[in-house]
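**Student:** Supplied in structure tokens, the structure appears directly below.
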Amino acid sequence: MISLFDLFKVGIGPSSSHTVGPMRAAQRFAGALTRPRVARIRVTLYGSLAWTAQGHATDIAVILGLAGKNPQTVDPDAVGGIVARIKSTGHVTIQGQSIAFEPANDLILDRETVPPVHPNTLQFDALDDTGVVLERARFCSVGGGFIVHEDATEASGYNQPDMPFDFVSAAGLLDQTRASGLTIASVVMANETALRPRAETEAYLDQIIDVMMACVERGLSHSGTLPGRLKVRRRAAALHERLRSRESVNAQAAHGIMDWISLFAIAVNEENAAGGRVVTAPTNGAAGIIPAVLRYYRDFCPHASAASTRQGMHDFLLTAAAIGGLFKLNASISGAEVGCQGEVGVASSMAAGGLAAALGGTPLQVENAAEIGMEHHLGMTCDPVGGLVQIPCIERNAFGAIKAINAASLALHGDGTHHVSLDQVIRTMAETGRDMNHRYKETSLGGLAVNLPEC
Ligand code: SF4
């Protein structure tokens, strides 16, 4: 299994696979350089990274990573100044040494070469002053901000020999809950506690919740247009005003709560599109769904006390982490590999299971909710207009959040028995993603990306 510390990461927008992952790869490469005579750095982006580099801010991410910046701690407001300085000087400081790196020439978008292992591949070369390659590293950005060396098998925090609960499938997870009498959230917490003190995991959960809620608040307060040539108008602030003005009206529309859920998701994804601070959940493109559903749980569901609300939110995220981990392990959470079903679909499935757990669902009901959450996202393509994580991504998160709540509600009305298992839908998602034409997998070469004329 994958640790929730790996699945929920604080980062910056707009993309986990195209921004967070490449920044981490660049930072790792720069930090590991050992040769003293490095005169220039050259970076080559392949596949989906090359096709959507500017729209997904991969170029900026690489510059920041080489400069030693970390997605978790970099100040989003300082990014513009750092990047402008490196572009104007043509040099980046690595390990205290000024090394030539002119993004216009040294950041290459190779759209011809098909990367052999993963569609999101990037290569770093350290050159001497005659152009000879002294060091080279190739990384794959495999979704959700995870990176791996191209020739390495992926390591996961849970592949420890003495995990109390070992499972690689939803069926295995349910077996563990049956045998132990524990909830899914308790099983995940027991595994996390084998890695670090329980208090640390609880503090991390609180931090993740705080960052998610702060992102919603920032999104609600920002207006204007999003970066990029589409000039997409931010709507969360105006929509918020509108919804608040209706709070005092007696006759509320039955779908009024849905408007709030959409608003929360849109607020987060507008922040993400603007390069703000978000939590990968499990990716940045789908970062609005879990905060929106978590906020719905916090603000619209009845709670006995503040302590029970906090416990419910912890159970939500722990359960969502188990579900996201199963998708990552057995399918993919990368839009470049399996389309948007792997991002918005997975986030919706995680949120559905998380909400069902927080509302007291049994493990079977939670598994059912997660299954419904994905079943009705199967086949969803990734076709961001202009390569920007804006259209259809922002609204798509609103729909993913509403579907998640519907899925949890349907599951909680049943007894957990159902026809399609979560494992079957995960397998179906992986196979559908493999069969999907590459034009619909984060290349902006098909779908809305070609049918919507850019202004
Ligand atoms: S369409 Fe979906 S997978 Fe593609 S960039 Fe947007 S949110 Fe991510």
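FYI, nothing fancy with the structure tokens labels: chains A, B, ... in order, residues from 1 per chain, ligands from 1 as they appear.
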Which residues are near range 47-53 of chain A? Cut-off 10 Å, only C-alpha atoms, ignore same chain within fewer than 2 positions. Put them as a PyMOL selection string.
**Tutor:** chain A and resi 17-19+22+44-45+55-61+108-116+118-122+141+335-337+384-389+438-439+441-445
**Student:** How would you report the residues lying within 9 Å of ligand 1, as JSON, numbers by chain, if you count only C-alpha atoms and all ligand atoms?
**Tutor:** {"A": [14, 15, 16, 56, 283, 284, 285, 286, 287, 333, 334, 335, 336, 338, 339, 340, 341, 342, 343, 344, 345, 380, 381, 382, 383, 384, 385, 387, 388, 389, 390, 391, 392, 393, 394, 396, 397, 440, 441, 442, 443, 444]}
**Student:** Name all residues at most 6 Å from range 346-354 of chain A (count only C-alpha atoms; drop same-chain ones fewer than 2 positions away) and give them as a list in words.
**Tutor:**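 With the cut-off at 6 Å, the set is Ile290, Phe316, Thr319, Ala320, Ile323, Gly324, Gly342, Glu343, Val344, Ala356, Ala357, Val366, Ala369, Ala370, Gly373, Met374, Gly400, Ala404, Ile405, Ala407 and Ala408 of chain A.
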**Student:** Could you give me the residues within range 50-176 of chain A that DSSP places in alpha helix (DSSP H), as a PyMOL selection string?
**Tutor:** chain A and resi 50-51+58-66+79-89+103-106+170-176
**Student:** State, in Å with one decimal place, the distance from CA of Arg40 in chain A to CA of Leu66 in chain A.
**Tutor:**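 That distance, rounded to one decimal, is 11.7 Å.
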**Student:** Can you build me a table of range 258-367 of chain A residues sitting at most 9 Å from range 237-249 of chain A, with the closest atom pair per residue and its distance in Å to one decimal, using only C-alpha atoms, sorted by chain and residue number, as CSV?
**Tutor:**
residue,atom,partner,partner_atom,distance
A:Asp259,CA,A:Leu243,CA,7.8
A:Trp260,CA,A:Leu243,CA,7.5
A:Leu263,CA,A:Leu239,CA,6.9
A:Ala267,CA,A:Ala237,CA,7.9
**Student:** Pick out each residue of range 97-224 of chain A that DSSP on the backbone tags as strand (DSSP E or B); I need them as a PyMOL selection string.
**Tutor:** chain A and resi 97-100+107-110+120-127+133-143+146-149
**Student:** Could those selected residues go to a file with C-alpha atoms, as a PDB file, in the first residue's frame?
**Tutor:**
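Done, and the output landed in part-v8.pdb:
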ATOM      1  CA  GLN A  97      27.804  27.100  -7.861  1.00  0.00           C
ATOM      2  CA  SER A  98      26.453  29.283 -10.662  1.00  0.00           C
ATOM      3  CA  ILE A  99      25.727  27.033 -13.673  1.00  0.00           C
ATOM      4  CA  ALA A 100      24.471  28.070 -17.107  1.00  0.00           C
ATOM      5  CA  LEU A 107      14.818  23.265 -21.874  1.00  0.00           C
ATOM      6  CA  ILE A 108      13.946  21.093 -24.862  1.00  0.00           C
ATOM      7  CA  LEU A 109      10.448  19.857 -25.734  1.00  0.00           C
ATOM      8  CA  ASP A 110      10.922  16.584 -27.632  1.00  0.00           C
ATOM      9  CA  ASN A 120       5.697  11.634 -18.615  1.00  0.00           C
ATOM     10  CA  THR A 121       9.471  11.336 -18.895  1.00  0.00           C
ATOM     11  CA  LEU A 122      12.141  13.976 -18.403  1.00  0.00           C
ATOM     12  CA  GLN A 123      15.893  13.802 -18.795  1.00  0.00           C
ATOM     13  CA  PHE A 124      18.511  15.905 -17.040  1.00  0.00           C
ATOM     14  CA  ASP A 125      22.019  16.337 -18.444  1.00  0.00           C
ATOM     15  CA  ALA A 126      24.941  18.013 -16.707  1.00  0.00           C
ATOM     16  CA  LEU A 127      27.479  19.151 -19.335  1.00  0.00           C
ATOM     17  CA  VAL A 133      27.643  14.944 -20.747  1.00  0.00           C
ATOM     18  CA  LEU A 134      29.118  14.400 -17.278  1.00  0.00           C
ATOM     19  CA  GLU A 135      25.970  13.140 -15.561  1.00  0.00           C
ATOM     20  CA  ARG A 136      22.544  12.096 -16.802  1.00  0.00           C
ATOM     21  CA  ALA A 137      19.334  11.070 -15.054  1.00  0.00           C
ATOM     22  CA  ARG A 138      15.902  10.210 -16.455  1.00  0.00           C
ATOM     23  CA  PHE A 139      12.782  10.347 -14.335  1.00  0.00           C
ATOM     24  CA  CYS A 140       9.185   9.379 -14.906  1.00  0.00           C
ATOM     25  CA  SER A 141       6.496  11.533 -13.310  1.00  0.00           C
ATOM     26  CA  VAL A 142       3.909   8.830 -12.737  1.00  0.00           C
ATOM     27  CA  GLY A 143       1.020  10.912 -11.371  1.00  0.00           C
ATOM     28  CA  PHE A 146       5.274  10.660  -7.538  1.00  0.00           C
ATOM     29  CA  ILE A 147       8.557  10.350  -9.431  1.00  0.00           C
ATOM     30  CA  VAL A 148      10.719   7.320 -10.166  1.00  0.00           C
ATOM     31  CA  HIS A 149      14.016   6.817 -11.960  1.00  0.00           C
TER      32      HIS A 149
END
**Student:** Which distance in Å separates CA of Asn451 in chain A and CA of Glu270 in chain A, to one decimal?
**Tutor:** 22.6 Å
